[in-house]
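Participant: Just dropping this structure here.
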Amino acid sequence: QQWPALKHVERVVIFHGDSGTVMGLRGIFPRAEIHCMKPETLTFVDGRSAAGKTWKNEYGCHHSKFFLIGFEETLRVVVHTANLIACDWVQKSQGVWMQDFAPKSPRSATSSDFESVLRKYVSSLLVHRGGQVRQWKGLGAAFRSRAEETLADALGAFDFSNAKGHLVATIPGYHFGNTLDLYGSNRIAKILRGESSSNYRDDDEIYCQFSSFSSPKVVVEQLTKAFNVSGPHAPIRLVWPTAAEVRNSIEGYFGGGSMPSEHKNVSVASRDSLRRWQASTDVVDPFLVARRPVMPHIKTWSRVSASGEEVRWCLLSSSNLSGAAHGRSMKKGEVLHCMHWELGILVTPSSCGV
């Protein structure tokens, strides 16, 4: 109803995290393949248990926002921060990263880091949907897959080696051993550890901008370590709108509905770390002035120079400030427990060929 053009796409597969919405979508869009990914209704196996012990994910959610769009000759990967509702696209500040990828040629690398993470992420969805074994006809001629392939398998036909960013995923589970650094904050730390810190400065700051503000006690400490694995230490700044900014936004207080928190969470955050959403009133840049009253649903995590003129690296992600999204470190760092599905792109100098 809010995106009628989608009903004319030849084939549509939807993974959604809310069972009520899934039921509604099935009623108005019956030819689409729509799968409920509400973690509370799914069963997860604790890989630490040899007996296959299960755990209930009562506080997790499928929070990723991404498209895989098949064309005749390419696959377009789109990672963004907006839900598919009108107010998110028209009345919020959002972020989008996208890139087209061609099928592999005989000279292409067998695989790449981007491909590996994307296929692991999609596989984690398929585990709960029976594997999705079928031919991918209708997703574009570039999907030249065999009938027995899953979507994760079919993605192996594309060359992701020139991706202009590092894919950062979170999937529910207890990650340890050779999967410890594959997801969440550990994945970010691994990527940044491999980047040069020669352009970092002592007065850099790390701006964490998000829409949902959970308890910062543990997650801020964990993210501070992940973001500062090399080079001079940079302090964390938490960017979140004030009540006055929400009240005076284009949506008024209604705009605060997508920025949930509790007073106890905000009150324990360091006062020195908190930053407003809006630029100072002496800023005259037309773009910044225009965006000032448009509340954020975007989530960005960036190391920035003191002047604000240089960005050392930037993560655009669906992840908010929570351990469920970035993972909680356990057992003295030997286990990372994640509850959400999240997806983001970490853009670094090396990913841009610098």
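Following the order of the structure tokens, chains are lettered A, B, ..., residues in each are numbered from 1, and ligands are numbered from 1.
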Using only C-alpha atoms, which protein or nucleic acid residues come within 12 Å of Val266 of chain A? Drop anything in the same chain fewer than 3 positions from it, and give the result as number ranges by chain.
Facilitator: A: 212-217, 238-242, 260-263, 269-271, 273-275, 321
Participant: Could you list, as number ranges by chain, every residue within 9 Å of Leu288 of chain A, counting only C-alpha atoms and ignoring same-chain residues fewer than 4 positions away?
Facilitator: A: 278-279, 283-284, 292
Participant: DSSP on the backbone, strand (DSSP E or B) only: what residues of segment 205-317 of chain A does that give? Format it as an MDAnalysis selection string.
Facilitator: chainID A and resid 205:209 213 236:239 261 274:275 296 300:304 311:317
Participant: Within 10 Å of segment 22-24 of chain A, counting only C-alpha atoms, which residues qualify if same-chain residues fewer than 4 places away don't, as a ChimeraX atom specification?
Facilitator: /A:14-18,28-30,34-38
Participant: Please compute the atom CA of Asp100 of chain A-atom CA of Ala86 of chain A distance, one decimal, in Å.
Facilitator: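 Separation of atom CA of Asp100 of chain A and atom CA of Ala86 of chain A: 25.5 Å.
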Participant: Got a sec: who's within 8 Å of Ala154 of chain A, counting only C-alpha atoms, leaving out chain neighbours fewer than 2 positions off, as a PyMOL selection string?
Facilitator: chain A and resi 136+143-145+149-152+156-157
Participant: Distance atom CA of His337 of chain A-atom CA of Ser211 of chain A, one decimal place?
Facilitator: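 Going from atom CA of His337 of chain A over to atom CA of Ser211 of chain A covers 21.9 Å.
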Participant: Please run DSSP on the backbone and report, as number ranges by chain, all residues within segment 207-287 of chain A that come out as alpha helix (DSSP H).
Facilitator: A: 216-227, 243-247, 263-267, 286-287
Participant: Which residues are near Ile191 of chain A? Cut-off 9 Å, only C-alpha atoms, ignore same chain within fewer than 3 positions. Put them as a PyMOL selection string.
Facilitator: chain A and resi 166+186-188+194-195+346+348
Participant: Can you write just those residues out, all heavy atoms, as a PDB file, in the first residue's frame?
Facilitator:
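Done, and the output landed in again.pdb:
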ATOM      1  N   HIS A 166      33.298  -2.607   3.900  1.00  0.00           N
ATOM      2  CA  HIS A 166      33.341  -3.904   4.577  1.00  0.00           C
ATOM      3  C   HIS A 166      31.954  -4.205   5.144  1.00  0.00           C
ATOM      4  O   HIS A 166      31.377  -3.373   5.856  1.00  0.00           O
ATOM      5  CB  HIS A 166      34.355  -3.881   5.723  1.00  0.00           C
ATOM      6  CG  HIS A 166      35.737  -3.474   5.316  1.00  0.00           C
ATOM      7  ND1 HIS A 166      36.667  -4.366   4.824  1.00  0.00           N
ATOM      8  CD2 HIS A 166      36.345  -2.251   5.334  1.00  0.00           C
ATOM      9  CE1 HIS A 166      37.795  -3.716   4.561  1.00  0.00           C
ATOM     10  NE2 HIS A 166      37.627  -2.446   4.868  1.00  0.00           N
ATOM     11  N   ASN A 186      33.071  -7.259  17.479  1.00  0.00           N
ATOM     12  CA  ASN A 186      34.328  -7.975  17.217  1.00  0.00           C
ATOM     13  C   ASN A 186      34.713  -7.888  15.741  1.00  0.00           C
ATOM     14  O   ASN A 186      35.898  -7.804  15.401  1.00  0.00           O
ATOM     15  CB  ASN A 186      34.208  -9.441  17.631  1.00  0.00           C
ATOM     16  CG  ASN A 186      34.268  -9.624  19.137  1.00  0.00           C
ATOM     17  OD1 ASN A 186      34.337  -8.652  19.876  1.00  0.00           O
ATOM     18  ND2 ASN A 186      34.233 -10.861  19.590  1.00  0.00           N
ATOM     19  N   ARG A 187      33.735  -7.924  14.882  1.00  0.00           N
ATOM     20  CA  ARG A 187      33.984  -7.783  13.443  1.00  0.00           C
ATOM     21  C   ARG A 187      34.530  -6.379  13.141  1.00  0.00           C
ATOM     22  O   ARG A 187      35.482  -6.225  12.361  1.00  0.00           O
ATOM     23  CB  ARG A 187      32.681  -8.029  12.685  1.00  0.00           C
ATOM     24  CG  ARG A 187      32.636  -7.566  11.235  1.00  0.00           C
ATOM     25  CD  ARG A 187      33.404  -8.471  10.318  1.00  0.00           C
ATOM     26  NE  ARG A 187      33.185  -8.069   8.925  1.00  0.00           N
ATOM     27  CZ  ARG A 187      33.939  -8.462   7.912  1.00  0.00           C
ATOM     28  NH1 ARG A 187      34.963  -9.271   8.116  1.00  0.00           N
ATOM     29  NH2 ARG A 187      33.673  -8.062   6.680  1.00  0.00           N
ATOM     30  N   ILE A 188      33.962  -5.366  13.764  1.00  0.00           N
ATOM     31  CA  ILE A 188      34.439  -3.990  13.567  1.00  0.00           C
ATOM     32  C   ILE A 188      35.893  -3.872  14.014  1.00  0.00           C
ATOM     33  O   ILE A 188      36.732  -3.297  13.308  1.00  0.00           O
ATOM     34  CB  ILE A 188      33.558  -3.010  14.362  1.00  0.00           C
ATOM     35  CG1 ILE A 188      32.116  -3.036  13.838  1.00  0.00           C
ATOM     36  CG2 ILE A 188      34.121  -1.587  14.272  1.00  0.00           C
ATOM     37  CD1 ILE A 188      31.137  -2.277  14.708  1.00  0.00           C
ATOM     38  N   GLY A 194      43.138  -3.967  10.936  1.00  0.00           N
ATOM     39  CA  GLY A 194      43.865  -4.129   9.683  1.00  0.00           C
ATOM     40  C   GLY A 194      44.042  -2.853   8.899  1.00  0.00           C
ATOM     41  O   GLY A 194      44.660  -2.855   7.829  1.00  0.00           O
ATOM     42  N   GLU A 195      43.511  -1.746   9.418  1.00  0.00           N
ATOM     43  CA  GLU A 195      43.627  -0.453   8.736  1.00  0.00           C
ATOM     44  C   GLU A 195      44.831   0.327   9.266  1.00  0.00           C
ATOM     45  O   GLU A 195      45.199   0.200  10.434  1.00  0.00           O
ATOM     46  CB  GLU A 195      42.362   0.384   8.959  1.00  0.00           C
ATOM     47  CG  GLU A 195      41.124  -0.142   8.271  1.00  0.00           C
ATOM     48  CD  GLU A 195      41.178   0.044   6.768  1.00  0.00           C
ATOM     49  OE1 GLU A 195      41.637   1.111   6.298  1.00  0.00           O
ATOM     50  OE2 GLU A 195      40.748  -0.882   6.052  1.00  0.00           O
ATOM     51  N   LEU A 346      30.998  -0.735   6.775  1.00  0.00           N
ATOM     52  CA  LEU A 346      32.078   0.047   7.349  1.00  0.00           C
ATOM     53  C   LEU A 346      32.978   0.514   6.191  1.00  0.00           C
ATOM     54  O   LEU A 346      33.637  -0.295   5.543  1.00  0.00           O
ATOM     55  CB  LEU A 346      32.889  -0.778   8.353  1.00  0.00           C
ATOM     56  CG  LEU A 346      34.123  -0.127   8.975  1.00  0.00           C
ATOM     57  CD1 LEU A 346      33.785   1.213   9.637  1.00  0.00           C
ATOM     58  CD2 LEU A 346      34.756  -1.076   9.983  1.00  0.00           C
ATOM     59  N   THR A 348      36.192   2.392   4.945  1.00  0.00           N
ATOM     60  CA  THR A 348      37.523   2.766   5.412  1.00  0.00           C
ATOM     61  C   THR A 348      38.361   3.212   4.221  1.00  0.00           C
ATOM     62  O   THR A 348      37.980   2.973   3.064  1.00  0.00           O
ATOM     63  CB  THR A 348      38.212   1.556   6.087  1.00  0.00           C
ATOM     64  OG1 THR A 348      38.407   0.537   5.090  1.00  0.00           O
ATOM     65  CG2 THR A 348      37.369   1.000   7.234  1.00  0.00           C
TER      66      THR A 348
END
Participant: Using only C-alpha atoms, pick whichever of A:Ser307, A:Glu72, A:Arg276, A:Asn228 has the shortest atom-to-atom distance to Val246 of chain A.
Facilitator: A:Arg276
Participant: So how many Å separate atom CA of Ala163 of chain A and atom CA of Gln99 of chain A, to one decimal?
Facilitator: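 Distance between the two atoms: 7.4 Å.
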Participant: Neighbouring residues of His62 of chain A were defined as those with any atom within 12 Å, considering only C-alpha atoms; residues of the same chain fewer than 5 positions away were excluded. Please report them as a compact mmCIF listing (two decimals) with C-alpha atoms, in the first residue's frame.
Facilitator:
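Final file, selection09.txt:
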# COMPACT_ATOMS: atom_id res chain seq x y z
CA ILE A 14 10.69 -10.67 2.16
CA PHE A 15 12.21 -11.47 5.55
CA HIS A 16 10.42 -9.51 8.26
CA GLY A 17 10.76 -9.44 12.03
CA ASP A 18 7.15 -8.84 13.11
CA SER A 19 4.57 -11.63 12.94
CA HIS A 35 8.92 -15.09 6.03
CA CYS A 36 8.51 -14.21 9.69
CA MET A 37 11.89 -13.78 11.38
CA LYS A 38 10.68 -12.81 14.86
CA PRO A 39 13.41 -14.35 17.06
CA GLU A 40 11.01 -14.95 19.94
CA THR A 41 9.13 -17.47 17.80
CA LEU A 42 12.26 -19.26 16.56
CA ASN A 57 15.75 -15.31 22.09
CA ASN A 83 11.79 0.74 7.28
CA TYR A 121 24.30 -13.76 6.97
CA SER A 124 21.50 -17.66 9.04
CA LEU A 125 18.09 -16.53 7.75
CA ALA A 169 26.74 -8.33 10.19
CA THR A 170 25.18 -9.43 13.47
CA ILE A 171 23.31 -12.73 13.71
CA PRO A 172 21.74 -14.26 16.83
CA SER A 318 20.97 -0.77 11.31
CA SER A 319 22.53 -1.26 14.77
CA ALA A 324 21.77 -7.08 21.53
CA ALA A 325 22.78 -5.34 18.29
CA CYS A 338 24.24 -11.52 19.87
CA MET A 339 20.43 -11.37 19.86
CA HIS A 340 19.57 -9.33 16.77
CA TRP A 341 19.99 -9.63 13.04
CA GLU A 342 21.75 -6.42 11.92
CA LEU A 343 23.62 -5.34 8.80
Participant: Using only C-alpha atoms, which of the listed residues (A:Ile298, A:Tyr174, A:Glu10, A:Asp159) sits closest to Val45 of chain A?
Facilitator: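 Under the stated criterion, the closest residue is A:Tyr174.
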